[in-house]
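Participant: Sending over my_file-v1.txt (compact mmCIF, C-alpha atoms).
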# COMPACT_ATOMS: atom_id res chain seq x y z
CA MET C 1 -12.10 -23.03 37.93
CA ASN C 2 -12.41 -23.73 41.63
CA ASP C 3 -8.75 -23.09 42.39
CA ALA C 4 -7.07 -19.91 41.25
CA GLY C 5 -3.75 -21.78 41.20
CA THR C 6 -4.70 -24.29 38.46
CA PRO C 7 -2.64 -23.76 35.32
CA ALA C 8 -4.80 -22.77 32.36
CA ASP C 9 -3.78 -25.81 30.30
CA THR C 10 -4.77 -28.18 33.12
CA ARG C 11 -8.21 -26.62 33.31
CA GLU C 12 -8.49 -26.71 29.50
CA ALA C 13 -7.66 -30.42 29.58
CA MET C 14 -10.28 -31.09 32.28
CA MET C 15 -12.90 -29.17 30.30
CA LEU C 16 -12.03 -31.06 27.11
CA ALA C 17 -12.32 -34.38 28.93
CA THR C 18 -15.75 -33.32 30.22
CA TYR C 19 -16.85 -32.30 26.73
CA ARG C 20 -15.73 -35.63 25.28
CA ALA C 21 -17.44 -37.67 27.97
CA LEU C 22 -20.71 -35.73 27.46
CA CYS C 23 -20.60 -36.20 23.68
CA GLU C 24 -20.01 -39.92 24.09
CA HIS C 25 -22.30 -40.80 27.01
CA GLY C 26 -24.79 -37.96 27.38
CA TYR C 27 -25.22 -36.29 30.76
CA SER C 28 -27.04 -38.96 32.79
CA ASP C 29 -24.46 -41.63 32.00
CA THR C 30 -21.43 -39.36 32.42
CA THR C 31 -19.61 -40.02 35.69
CA ILE C 32 -16.53 -38.37 37.15
CA GLN C 33 -14.76 -41.68 36.44
CA ARG C 34 -15.65 -41.48 32.74
CA ILE C 35 -14.39 -37.89 32.59
CA ALA C 36 -11.19 -38.90 34.38
CA ASP C 37 -10.73 -41.68 31.78
CA ARG C 38 -10.57 -38.98 29.09
CA PHE C 39 -8.24 -36.71 31.04
CA ASP C 40 -4.69 -37.00 29.77
CA LYS C 41 -3.03 -35.81 32.97
CA SER C 42 -3.07 -37.24 36.49
CA LYS C 43 -6.54 -38.45 37.38
CA SER C 44 -5.99 -37.58 41.04
CA LEU C 45 -5.56 -33.98 39.94
CA LEU C 46 -9.10 -34.02 38.54
CA TYR C 47 -10.54 -35.60 41.69
CA TYR C 48 -8.59 -33.05 43.73
CA HIS C 49 -10.34 -30.18 41.96
CA TYR C 50 -13.83 -31.65 41.77
CA ASP C 51 -15.26 -34.00 44.32
CA THR C 52 -18.68 -34.30 42.64
CA LYS C 53 -19.97 -34.50 39.09
CA GLU C 54 -22.23 -31.54 39.82
CA LYS C 55 -19.29 -29.27 40.75
CA LEU C 56 -17.35 -30.28 37.66
CA LEU C 57 -20.35 -29.80 35.39
CA ALA C 58 -21.23 -26.40 36.87
CA ASP C 59 -17.65 -25.26 36.27
CA PHE C 60 -17.83 -26.68 32.74
CA LEU C 61 -20.98 -24.62 32.06
CA GLY C 62 -19.17 -21.51 33.29
CA TYR C 63 -16.26 -22.32 30.98
CA LEU C 64 -18.61 -22.75 27.99
CA LEU C 65 -20.24 -19.46 28.79
CA ASP C 66 -16.93 -17.60 28.81
CA GLU C 67 -16.16 -19.11 25.39
CA LEU C 68 -19.60 -18.16 24.09
CA ASP C 69 -19.25 -14.63 25.44
CA ASP C 70 -16.01 -14.22 23.45
CA GLU C 71 -17.46 -15.73 20.28
CA LEU C 72 -20.83 -14.02 20.12
CA GLY C 73 -19.44 -10.72 18.95
CA GLY C 74 -21.69 -7.70 19.01
CA SER C 75 -19.04 -4.98 19.38
CA PRO C 76 -20.32 -1.46 18.76
CA GLY C 77 -18.69 -1.34 15.29
CA ASP C 78 -20.22 -4.62 14.04
CA ASP C 79 -22.97 -4.66 11.43
CA PRO C 80 -26.25 -5.35 13.31
CA GLU C 81 -27.68 -7.68 10.66
CA ALA C 82 -24.48 -9.74 10.32
CA THR C 83 -24.18 -9.92 14.12
CA LEU C 84 -27.75 -11.10 14.57
CA ARG C 85 -27.32 -13.78 11.92
CA SER C 86 -24.02 -15.00 13.34
CA MET C 87 -25.58 -15.26 16.81
CA ILE C 88 -28.38 -17.39 15.36
CA ASP C 89 -25.77 -19.56 13.58
CA ARG C 90 -23.78 -19.94 16.78
CA ILE C 91 -26.78 -21.22 18.75
CA VAL C 92 -28.33 -23.36 16.00
CA PRO C 93 -25.79 -24.12 13.26
CA ALA C 94 -27.15 -24.37 9.72
CA GLU C 95 -25.81 -27.88 9.27
CA PRO C 96 -24.90 -29.25 12.68
CA THR C 97 -22.31 -32.02 12.70
CA ASP C 98 -22.95 -35.29 14.53
CA GLU C 99 -20.69 -34.10 17.32
CA GLU C 100 -22.54 -30.78 17.62
CA LEU C 101 -25.83 -32.68 17.85
CA ARG C 102 -24.51 -35.14 20.43
CA PHE C 103 -23.29 -32.25 22.53
CA ARG C 104 -26.60 -30.44 22.26
CA LYS C 105 -28.40 -33.60 23.42
CA ALA C 106 -26.21 -33.66 26.51
CA LEU C 107 -26.76 -29.92 27.07
CA LEU C 108 -30.54 -30.36 26.89
CA GLU C 109 -30.25 -33.03 29.60
CA ILE C 110 -28.25 -30.65 31.79
CA ARG C 111 -30.73 -27.82 31.13
CA SER C 112 -33.60 -30.13 32.15
CA GLN C 113 -31.79 -30.66 35.48
CA ALA C 114 -31.42 -26.92 36.14
CA PRO C 115 -34.63 -26.71 38.23
CA TYR C 116 -33.12 -29.28 40.60
CA HIS C 117 -29.50 -28.03 40.68
CA GLN C 118 -29.00 -24.41 41.62
CA SER C 119 -25.36 -24.43 40.45
CA TYR C 120 -26.50 -25.35 36.91
CA ARG C 121 -29.36 -22.90 36.97
CA GLU C 122 -27.09 -20.02 37.95
CA GLN C 123 -24.89 -20.66 34.92
CA PHE C 124 -27.86 -20.90 32.55
CA VAL C 125 -29.42 -17.72 33.96
CA ARG C 126 -26.10 -15.95 33.42
CA SER C 127 -25.62 -17.24 29.85
CA ASP C 128 -29.21 -16.43 28.98
CA ALA C 129 -28.81 -12.83 30.18
CA ILE C 130 -25.57 -12.41 28.21
CA ILE C 131 -27.05 -13.76 24.98
CA VAL C 132 -30.31 -11.80 25.22
CA THR C 133 -28.46 -8.59 26.09
CA LYS C 134 -26.03 -8.94 23.19
CA MET C 135 -28.79 -9.81 20.76
CA ALA C 136 -31.02 -6.97 22.00
CA THR C 137 -28.11 -4.52 21.73
CA SER C 138 -27.54 -5.50 18.09
CA ILE C 139 -31.24 -5.14 17.31
CA GLU C 140 -31.35 -1.77 19.07
CA ARG C 141 -28.40 -0.58 17.00
CA GLY C 142 -30.12 -1.72 13.79
CA VAL C 143 -33.28 0.15 14.79
CA GLU C 144 -31.28 3.29 15.61
CA GLN C 145 -29.39 3.07 12.30
CA GLY C 146 -32.71 2.76 10.48
CA THR C 147 -31.82 -0.58 8.87
CA PHE C 148 -34.15 -2.57 11.15
CA ARG C 149 -37.87 -2.13 11.68
CA ASP C 150 -38.97 -0.40 14.85
CA VAL C 151 -39.25 -3.55 16.97
CA ASP C 152 -38.83 -3.89 20.74
CA PRO C 153 -35.21 -5.11 21.00
CA GLN C 154 -35.58 -6.93 24.32
CA ARG C 155 -38.83 -8.73 23.54
CA THR C 156 -37.63 -9.64 20.05
CA ALA C 157 -34.29 -10.99 21.28
CA SER C 158 -35.99 -13.02 24.01
CA PHE C 159 -38.44 -14.57 21.56
CA VAL C 160 -35.74 -15.32 18.98
CA LEU C 161 -33.69 -17.08 21.65
CA SER C 162 -36.70 -19.07 22.91
CA SER C 163 -37.53 -20.19 19.40
CA LEU C 164 -33.89 -21.22 18.80
CA TYR C 165 -33.92 -23.31 21.98
CA GLY C 166 -37.24 -24.81 20.93
CA ILE C 167 -35.92 -25.70 17.48
CA LEU C 168 -33.03 -27.51 19.15
CA GLU C 169 -35.26 -29.10 21.77
CA ARG C 170 -37.64 -30.59 19.23
CA GLY C 171 -34.89 -31.57 16.79
CA VAL C 172 -32.90 -33.31 19.54
CA THR C 173 -35.91 -34.97 21.21
CA LEU C 174 -37.27 -36.32 17.94
CA GLU C 175 -33.79 -36.95 16.48
CA ASP C 176 -34.78 -35.08 13.35
CA THR C 177 -32.08 -32.89 11.85
CA ARG C 178 -34.13 -31.85 8.83
CA ARG C 179 -36.72 -30.40 11.15
CA ILE C 180 -34.00 -28.24 12.72
CA GLU C 181 -33.07 -26.97 9.26
CA ARG C 182 -36.66 -26.25 8.25
CA ASP C 183 -37.63 -24.45 11.45
CA ARG C 184 -34.38 -22.50 11.42
CA ALA C 185 -35.07 -21.39 7.83
CA PHE C 186 -38.55 -20.32 8.89
CA LEU C 187 -37.10 -18.25 11.75
CA LEU C 188 -34.63 -16.56 9.39
CA ASP C 189 -37.52 -15.69 7.05
CA LEU C 190 -39.41 -14.22 10.00
CA VAL C 191 -36.39 -12.20 11.06
CA ASP C 192 -36.10 -10.94 7.46
CA ALA C 193 -39.75 -9.95 7.32
CA HIS C 194 -40.25 -8.57 10.84
CA VAL C 195 -36.89 -7.29 12.00
CA VAL C 196 -34.39 -6.71 9.25
CA GLY C 197 -36.29 -6.21 6.04
CA ASP C 198 -38.69 -3.79 4.50
CA VAL C 199 -37.94 -0.87 6.79
CA THR C 200 -39.53 1.63 4.43
CA SER C 201 -43.00 0.05 4.41
CA MET Z 1 -51.92 -49.98 28.72
CA ASN Z 2 -49.81 -53.11 28.35
CA ASP Z 3 -52.64 -55.50 29.11
CA ALA Z 4 -55.93 -55.26 27.26
CA GLY Z 5 -57.68 -56.82 30.28
CA THR Z 6 -56.86 -54.02 32.74
CA PRO Z 7 -60.04 -52.25 33.84
CA ALA Z 8 -60.05 -48.62 32.73
CA ASP Z 9 -60.26 -47.27 36.28
CA THR Z 10 -57.19 -49.28 37.35
CA ARG Z 11 -55.18 -47.85 34.50
CA GLU Z 12 -56.50 -44.35 35.28
CA ALA Z 13 -55.38 -44.79 38.89
CA MET Z 14 -51.90 -45.94 37.80
CA MET Z 15 -51.57 -42.97 35.45
CA LEU Z 16 -52.72 -40.56 38.16
CA ALA Z 17 -50.16 -42.00 40.59
CA THR Z 18 -47.45 -41.52 37.93
CA TYR Z 19 -48.53 -37.93 37.32
CA ARG Z 20 -48.45 -37.16 41.05
CA ALA Z 21 -45.03 -38.70 41.55
CA LEU Z 22 -43.62 -36.74 38.58
CA CYS Z 23 -45.07 -33.46 39.85
CA GLU Z 24 -43.61 -34.08 43.29
CA HIS Z 25 -40.20 -35.56 42.48
CA GLY Z 26 -39.43 -34.74 38.85
CA TYR Z 27 -38.47 -37.51 36.46
CA SER Z 28 -34.95 -38.42 37.62
CA ASP Z 29 -36.02 -38.95 41.21
CA THR Z 30 -39.27 -40.73 40.40
CA THR Z 31 -39.02 -44.46 41.03
CA ILE Z 32 -41.56 -47.22 40.54
CA GLN Z 33 -41.67 -47.41 44.36
CA ARG Z 34 -42.65 -43.73 44.61
CA ILE Z 35 -45.36 -44.21 42.00
CA ALA Z 36 -46.62 -47.29 43.85
CA ASP Z 37 -46.76 -45.20 47.04
CA ARG Z 38 -49.28 -42.91 45.32
CA PHE Z 39 -51.34 -45.76 43.88
CA ASP Z 40 -54.49 -46.28 45.89
CA LYS Z 41 -55.01 -49.92 44.83
CA SER Z 42 -52.85 -52.99 45.33
CA LYS Z 43 -49.19 -52.13 44.75
CA SER Z 44 -48.50 -55.63 43.41
CA LEU Z 45 -51.00 -54.87 40.64
CA LEU Z 46 -48.80 -51.97 39.51
CA TYR Z 47 -45.64 -54.07 39.63
CA TYR Z 48 -47.49 -56.81 37.75
CA HIS Z 49 -48.20 -54.44 34.86
CA TYR Z 50 -44.90 -52.61 34.75
CA ASP Z 51 -41.60 -54.18 35.67
CA THR Z 52 -39.52 -51.07 34.89
CA LYS Z 53 -39.91 -47.34 35.28
CA GLU Z 54 -39.25 -46.94 31.55
CA LYS Z 55 -42.20 -49.16 30.58
CA LEU Z 56 -44.52 -47.34 32.96
CA LEU Z 57 -43.38 -43.91 31.77
CA ALA Z 58 -43.67 -44.83 28.08
CA ASP Z 59 -47.23 -46.00 28.70
CA PHE Z 60 -47.91 -42.79 30.64
CA LEU Z 61 -46.72 -40.72 27.65
CA GLY Z 62 -49.07 -42.68 25.40
CA TYR Z 63 -51.91 -42.00 27.84
CA LEU Z 64 -51.14 -38.26 27.88
CA LEU Z 65 -51.10 -38.21 24.13
CA ASP Z 66 -54.53 -39.81 23.86
CA GLU Z 67 -55.85 -37.15 26.27
CA LEU Z 68 -54.17 -34.39 24.27
CA ASP Z 69 -55.54 -35.76 21.01
CA ASP Z 70 -59.07 -35.55 22.45
CA GLU Z 71 -58.57 -32.06 23.86
CA LEU Z 72 -56.83 -30.33 20.97
CA GLY Z 73 -59.96 -29.99 18.91
CA GLY Z 74 -59.62 -28.98 15.29
CA SER Z 75 -62.79 -30.59 13.94
CA PRO Z 76 -63.74 -29.47 10.41
CA GLY Z 77 -66.51 -27.18 11.76
CA ASP Z 78 -64.26 -25.33 14.27
CA ASP Z 79 -63.20 -21.74 13.72
CA PRO Z 80 -59.55 -21.84 12.57
CA GLU Z 81 -58.45 -18.83 14.59
CA ALA Z 82 -60.10 -20.02 17.82
CA THR Z 83 -58.67 -23.50 17.28
CA LEU Z 84 -55.15 -22.21 16.72
CA ARG Z 85 -55.34 -20.06 19.84
CA SER Z 86 -56.72 -22.86 21.98
CA MET Z 87 -53.93 -25.17 20.80
CA ILE Z 88 -51.36 -22.57 21.83
CA ASP Z 89 -53.11 -22.21 25.21
CA ARG Z 90 -53.14 -25.98 25.69
CA ILE Z 91 -49.38 -26.28 25.13
CA VAL Z 92 -48.32 -23.11 26.98
CA PRO Z 93 -51.08 -21.90 29.31
CA ALA Z 94 -51.39 -18.14 29.72
CA GLU Z 95 -50.98 -18.36 33.48
CA PRO Z 96 -49.60 -21.77 34.33
CA THR Z 97 -50.30 -23.00 37.85
CA ASP Z 98 -47.48 -24.29 40.06
CA GLU Z 99 -48.63 -27.81 39.35
CA GLU Z 100 -48.63 -27.23 35.59
CA LEU Z 101 -45.10 -25.87 35.84
CA ARG Z 102 -43.89 -28.74 37.98
CA PHE Z 103 -45.33 -31.20 35.51
CA ARG Z 104 -43.70 -29.40 32.57
CA LYS Z 105 -40.35 -29.56 34.36
CA ALA Z 106 -40.71 -33.31 34.66
CA LEU Z 107 -41.82 -33.57 31.01
CA LEU Z 108 -38.75 -31.62 29.86
CA GLU Z 109 -36.58 -34.12 31.73
CA ILE Z 110 -38.34 -37.02 29.99
CA ARG Z 111 -38.02 -35.29 26.60
CA SER Z 112 -34.29 -34.82 27.22
CA GLN Z 113 -34.05 -38.61 27.71
CA ALA Z 114 -35.82 -39.39 24.42
CA PRO Z 115 -32.56 -39.71 22.44
CA TYR Z 116 -31.52 -42.50 24.82
CA HIS Z 117 -34.89 -44.29 25.22
CA GLN Z 118 -36.60 -45.37 22.04
CA SER Z 119 -39.89 -46.05 23.83
CA TYR Z 120 -40.07 -42.40 24.95
CA ARG Z 121 -38.97 -41.10 21.57
CA GLU Z 122 -41.69 -43.07 19.77
CA GLN Z 123 -44.35 -41.42 21.91
CA PHE Z 124 -42.92 -37.93 21.40
CA VAL Z 125 -42.62 -38.45 17.64
CA ARG Z 126 -46.26 -39.57 17.59
CA SER Z 127 -47.51 -36.64 19.69
CA ASP Z 128 -45.48 -34.17 17.66
CA ALA Z 129 -46.98 -35.44 14.41
CA ILE Z 130 -50.52 -35.24 15.81
CA ILE Z 131 -50.10 -31.68 17.10
CA VAL Z 132 -48.39 -30.37 13.94
CA THR Z 133 -50.96 -32.03 11.70
CA LYS Z 134 -53.90 -30.62 13.67
CA MET Z 135 -52.36 -27.16 13.79
CA ALA Z 136 -51.46 -27.22 10.09
CA THR Z 137 -54.98 -28.38 9.21
CA SER Z 138 -56.48 -25.43 11.12
CA ILE Z 139 -54.11 -23.01 9.40
CA GLU Z 140 -54.87 -24.51 6.01
CA ARG Z 141 -58.59 -24.09 6.65
CA GLY Z 142 -58.06 -20.45 7.63
CA VAL Z 143 -56.08 -19.84 4.44
CA GLU Z 144 -58.77 -21.52 2.34
CA GLN Z 145 -61.51 -19.49 4.04
CA GLY Z 146 -59.55 -16.32 3.32
CA THR Z 147 -59.35 -15.30 6.99
CA PHE Z 148 -55.63 -16.21 7.27
CA ARG Z 149 -52.74 -14.93 5.21
CA ASP Z 150 -51.38 -17.22 2.51
CA VAL Z 151 -48.78 -18.94 4.72
CA ASP Z 152 -47.37 -22.44 4.37
CA PRO Z 153 -49.49 -24.38 6.92
CA GLN Z 154 -46.97 -27.14 7.64
CA ARG Z 155 -43.91 -24.90 8.04
CA THR Z 156 -45.88 -22.39 10.11
CA ALA Z 157 -47.32 -25.04 12.41
CA SER Z 158 -43.90 -26.63 12.91
CA PHE Z 159 -42.30 -23.30 13.78
CA VAL Z 160 -45.11 -22.30 16.14
CA LEU Z 161 -44.75 -25.61 17.96
CA SER Z 162 -40.95 -25.29 18.19
CA SER Z 163 -41.26 -21.80 19.59
CA LEU Z 164 -43.83 -22.98 22.15
CA TYR Z 165 -41.49 -25.75 23.28
CA GLY Z 166 -38.65 -23.24 23.44
CA ILE Z 167 -40.71 -20.83 25.54
CA LEU Z 168 -41.38 -23.66 27.98
CA GLU Z 169 -37.80 -24.91 27.87
CA ARG Z 170 -36.33 -21.53 28.76
CA GLY Z 171 -39.02 -20.69 31.31
CA VAL Z 172 -38.59 -24.02 33.07
CA THR Z 173 -34.76 -24.08 32.90
CA LEU Z 174 -34.45 -20.54 34.24
CA GLU Z 175 -37.47 -20.89 36.57
CA ASP Z 176 -38.90 -17.66 35.20
CA THR Z 177 -42.65 -17.64 34.71
CA ARG Z 178 -42.83 -14.00 33.60
CA ARG Z 179 -40.51 -14.84 30.74
CA ILE Z 180 -42.98 -17.52 29.63
CA GLU Z 181 -45.77 -14.93 29.65
CA ARG Z 182 -43.73 -12.34 27.73
CA ASP Z 183 -42.49 -14.71 25.05
CA ARG Z 184 -45.94 -16.23 24.71
CA ALA Z 185 -47.45 -12.75 24.22
CA PHE Z 186 -44.81 -12.04 21.56
CA LEU Z 187 -45.70 -15.27 19.74
CA LEU Z 188 -49.40 -14.37 19.80
CA ASP Z 189 -48.57 -10.94 18.32
CA LEU Z 190 -46.54 -12.67 15.60
CA VAL Z 191 -49.40 -15.05 14.86
CA ASP Z 192 -51.73 -12.03 14.64
CA ALA Z 193 -49.42 -10.19 12.27
CA HIS Z 194 -48.12 -13.07 10.20
CA VAL Z 195 -50.90 -15.66 10.12
CA VAL Z 196 -54.27 -14.40 11.24
CA GLY Z 197 -54.39 -10.68 10.68
CA ASP Z 198 -54.35 -8.20 7.91
CA VAL Z 199 -55.30 -10.57 5.13
CA THR Z 200 -56.24 -7.75 2.82
CA SER Z 201 -52.82 -6.11 2.79
Now, as a test, write the supplied structure out as structure tokens.
Facilitator:
Amino acid sequence: MNDAGTPADTREAMMLATYRALCEHGYSDTTIQRIADRFDKSKSLLYYHYDTKEKLLADFLGYLLDELDDELGGSPGDDPEATLRSMIDRIVPAEPTDEELRFRKALLEIRSQAPYHQSYREQFVRSDAIIVTKMATSIERGVEQGTFRDVDPQRTASFVLSSLYGILERGVTLEDTRRIERDRAFLLDLVDAHVVGDVTS
Amino acid sequence: MNDAGTPADTREAMMLATYRALCEHGYSDTTIQRIADRFDKSKSLLYYHYDTKEKLLADFLGYLLDELDDELGGSPGDDPEATLRSMIDRIVPAEPTDEELRFRKALLEIRSQAPYHQSYREQFVRSDAIIVTKMATSIERGVEQGTFRDVDPQRTASFVLSSLYGILERGVTLEDTRRIERDRAFLLDLVDAHVVGDVTS
């Protein structure tokens, strides 16, 4: 939100309009006009808050991140294995819907623009740090509890996240959902063998 | 090449001009004009061959793929472990130069456009199949020779490739080269533990 005085439901409505435009048009073909077309309140209100697509999109990424932060879990009382699995599910769903895939296509486009737009990059750096930290904390807890193998939590979390992004990147680029499922299953097997399972051996 | 009569050195020069423009401007900001500016022969020759940026870029991807196909190795006589490692190095270099990183940024942008441009997607589908097949063939040979563990070659190759693309995707998006090195080292450890090493256990 770029104005502390915006009512929460107005911002929600602007974010929803952005989400819908991205799902329908992808990032490159999304314009402020197309977002305004999906905004059910005064269009001038949207233009008043955001004078460029980049500003609106950067705010949208921040909004997504706050949602993700709430949803990822990882509270001290949570079961480390269940938390790790639910994080993996949240990033790469087992059976993504068409809408989830369309949105991930648009997100990949935005991510590919991060090197050229500092405002995007800042949001992705922040979300990356939050996800890796939460995942590493869960792994660390599992190691401490003796239910996980003695892996390096930070390195493991970083690699798991990279492989999840790669599974999405290839699945989206090649438009191959079965590949996402297969690679995701392979990653879960790896996590079972190298992180979660067989702690006594 | 969209014209069988183009001399090889002319095509080479057009591809080099495309590569240079992508490294300098990224994909979004690369125009046919900017490619023509880097072409050391007649500009009208370039416009004669390619009337849109999309056609030129799709041909460039095909050209890259032919180069990659030659470089990846994996002949029947090659050592499976050395081949697998050199494939990993080829896709994610151990210490990428600035130019290699700039080019990978531009490639990520083009990959993110594949869902919207069939001509790009066709080239990426083709390159993906070639890389996975070569990698799986090397793994299969290692398994048959008894130097690799008894892994599923196809699933393993697909996951390794996804994780390599993810390592690049995150490193490029976040502009963090050390992360690329760390995740890459983790993948090599995994390959050692899960594919190459410890076959007697």
Participant: Any idea what the distance is between CA of Leu72 (chain Z) and CA of Arg90 (chain Z)?
Facilitator: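 About the pair CA of Leu72 (chain Z) and CA of Arg90 (chain Z): they are 7.4 Å apart.
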Participant: Residues within 8 Å of Val160 (chain Z), please, as a list in words. Count only C-alpha atoms; anything in the same chain fewer than 4 positions from it doesn't count.
Facilitator: Thr156, Leu164 and Leu187 of chain Z
Participant: Quick one: distance from CA of Gly73 (chain C) to CA of Leu161 (chain C) in Å, one decimal?
Facilitator: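 If I compute the distance from CA of Gly73 (chain C) to CA of Leu161 (chain C), I get 15.8 Å.
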Participant: Could you work out an axis-aligned bounding box for all listed atoms of region 31-37 of chain C, with 3 Å added on each of the six sides, and give its centre and edge lengths in Å to one decimal, as JSON?
Facilitator:
{"center_x": -15.2, "center_y": -39.8, "center_z": 34.5, "size_x": 14.9, "size_y": 9.8, "size_z": 11.4}
Participant: Do you know which residues are at most 10 Å from region 74-89 of chain C counting only C-alpha atoms, after dropping those on the same chain fewer than 6 positions away, and could you put them as an NGL selection string?
Facilitator: :C and (68 or 95-96 or 131 or 133-143 or 145 or 147-148 or 157 or 160-161 or 164 or 184 or 187-188 or 191-192 or 195-197)
Participant: Give me the residues within 9 Å of Arg34 (chain C) as number ranges by chain, counting only C-alpha atoms and dropping any in the same chain fewer than 3 places off.
Facilitator: C: 17-18, 21, 25, 29-31, 37-39
Participant: Name all residues at most 12 Å from region 8-11 of chain C (count all atoms listed in the file; drop same-chain ones fewer than 2 positions away) and give them as number ranges by chain.
Facilitator: C: 1-6, 13-18, 39-43, 45-46, 49-50, 56, 59-60, 63
Participant: Find the distance between CA of Glu54 (chain Z) and CA of Ile35 (chain Z) and write it in Å to one decimal.
Facilitator: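 A separation of 12.4 Å between them.
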Participant: Taking all atoms listed in the file into account, name the residue in Z:Asp150, Z:Asp51, Z:Asp70, Z:Glu122 that is nearest to chain C.
Facilitator: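 Among the listed residues, the smallest separation from chain C belongs to Z:Glu122.
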Participant: Could you please tell me, as a VMD selection string, which residues of chain C have an atom within 10 Å of chain Z when using only C-alpha atoms?
Facilitator: chain C and resid 25 to 28 102 105 to 116 118 120 to 126 128 155 to 176 179 to 180 182 to 187 190 193 to 194
Participant: Which of these, C:Val92, C:Val151, C:Leu61, C:Leu101, has the shortest distance to Glu24 (chain C) once you count all atoms listed in the file?
Facilitator: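 Ranked by minimum distance to Glu24 (chain C), first place goes to C:Leu101.
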Participant: Any chance you could build region 87-92 of chain Z out to all heavy atoms and write it as a PDB file, keeping the file's coordinate frame?
Facilitator:
ATOM      1  N   MET Z  87     -55.068 -24.233  20.818  1.00  0.00           N
ATOM      2  CA  MET Z  87     -53.930 -25.170  20.800  1.00  0.00           C
ATOM      3  C   MET Z  87     -52.713 -24.546  21.488  1.00  0.00           C
ATOM      4  O   MET Z  87     -52.014 -25.203  22.253  1.00  0.00           O
ATOM      5  CB  MET Z  87     -53.558 -25.531  19.356  1.00  0.00           C
ATOM      6  CG  MET Z  87     -54.531 -26.499  18.714  1.00  0.00           C
ATOM      7  SD  MET Z  87     -54.022 -26.895  17.002  1.00  0.00           S
ATOM      8  CE  MET Z  87     -55.396 -27.937  16.518  1.00  0.00           C
ATOM      9  N   ILE Z  88     -52.487 -23.275  21.194  1.00  0.00           N
ATOM     10  CA  ILE Z  88     -51.360 -22.570  21.830  1.00  0.00           C
ATOM     11  C   ILE Z  88     -51.558 -22.544  23.347  1.00  0.00           C
ATOM     12  O   ILE Z  88     -50.640 -22.856  24.113  1.00  0.00           O
ATOM     13  CB  ILE Z  88     -51.218 -21.151  21.232  1.00  0.00           C
ATOM     14  CG1 ILE Z  88     -50.727 -21.250  19.779  1.00  0.00           C
ATOM     15  CG2 ILE Z  88     -50.281 -20.278  22.078  1.00  0.00           C
ATOM     16  CD1 ILE Z  88     -50.714 -19.936  19.002  1.00  0.00           C
ATOM     17  N   ASP Z  89     -52.808 -22.235  23.776  1.00  0.00           N
ATOM     18  CA  ASP Z  89     -53.110 -22.210  25.210  1.00  0.00           C
ATOM     19  C   ASP Z  89     -52.898 -23.574  25.866  1.00  0.00           C
ATOM     20  O   ASP Z  89     -52.470 -23.668  27.010  1.00  0.00           O
ATOM     21  CB  ASP Z  89     -54.583 -21.825  25.457  1.00  0.00           C
ATOM     22  CG  ASP Z  89     -54.810 -20.342  25.229  1.00  0.00           C
ATOM     23  OD1 ASP Z  89     -53.818 -19.597  25.167  1.00  0.00           O
ATOM     24  OD2 ASP Z  89     -55.987 -19.953  25.104  1.00  0.00           O
ATOM     25  N   ARG Z  90     -53.244 -24.624  25.134  1.00  0.00           N
ATOM     26  CA  ARG Z  90     -53.140 -25.980  25.690  1.00  0.00           C
ATOM     27  C   ARG Z  90     -51.673 -26.344  25.940  1.00  0.00           C
ATOM     28  O   ARG Z  90     -51.338 -26.987  26.925  1.00  0.00           O
ATOM     29  CB  ARG Z  90     -53.806 -26.963  24.728  1.00  0.00           C
ATOM     30  CG  ARG Z  90     -53.764 -28.417  25.137  1.00  0.00           C
ATOM     31  CD  ARG Z  90     -54.548 -28.655  26.426  1.00  0.00           C
ATOM     32  NE  ARG Z  90     -54.580 -30.065  26.789  1.00  0.00           N
ATOM     33  CZ  ARG Z  90     -53.540 -30.738  27.254  1.00  0.00           C
ATOM     34  NH1 ARG Z  90     -52.385 -30.142  27.410  1.00  0.00           N
ATOM     35  NH2 ARG Z  90     -53.652 -32.015  27.569  1.00  0.00           N
ATOM     36  N   ILE Z  91     -50.798 -25.905  25.015  1.00  0.00           N
ATOM     37  CA  ILE Z  91     -49.380 -26.280  25.130  1.00  0.00           C
ATOM     38  C   ILE Z  91     -48.653 -25.360  26.115  1.00  0.00           C
ATOM     39  O   ILE Z  91     -47.901 -25.820  26.963  1.00  0.00           O
ATOM     40  CB  ILE Z  91     -48.719 -26.287  23.742  1.00  0.00           C
ATOM     41  CG1 ILE Z  91     -49.429 -27.328  22.858  1.00  0.00           C
ATOM     42  CG2 ILE Z  91     -47.222 -26.619  23.840  1.00  0.00           C
ATOM     43  CD1 ILE Z  91     -49.158 -27.183  21.381  1.00  0.00           C
ATOM     44  N   VAL Z  92     -48.882 -24.064  26.005  1.00  0.00           N
ATOM     45  CA  VAL Z  92     -48.320 -23.110  26.980  1.00  0.00           C
ATOM     46  C   VAL Z  92     -49.460 -22.279  27.548  1.00  0.00           C
ATOM     47  O   VAL Z  92     -49.894 -21.305  26.933  1.00  0.00           O
ATOM     48  CB  VAL Z  92     -47.268 -22.181  26.331  1.00  0.00           C
ATOM     49  CG1 VAL Z  92     -46.691 -21.231  27.379  1.00  0.00           C
ATOM     50  CG2 VAL Z  92     -46.142 -22.975  25.686  1.00  0.00           C
TER      51      VAL Z  92
END
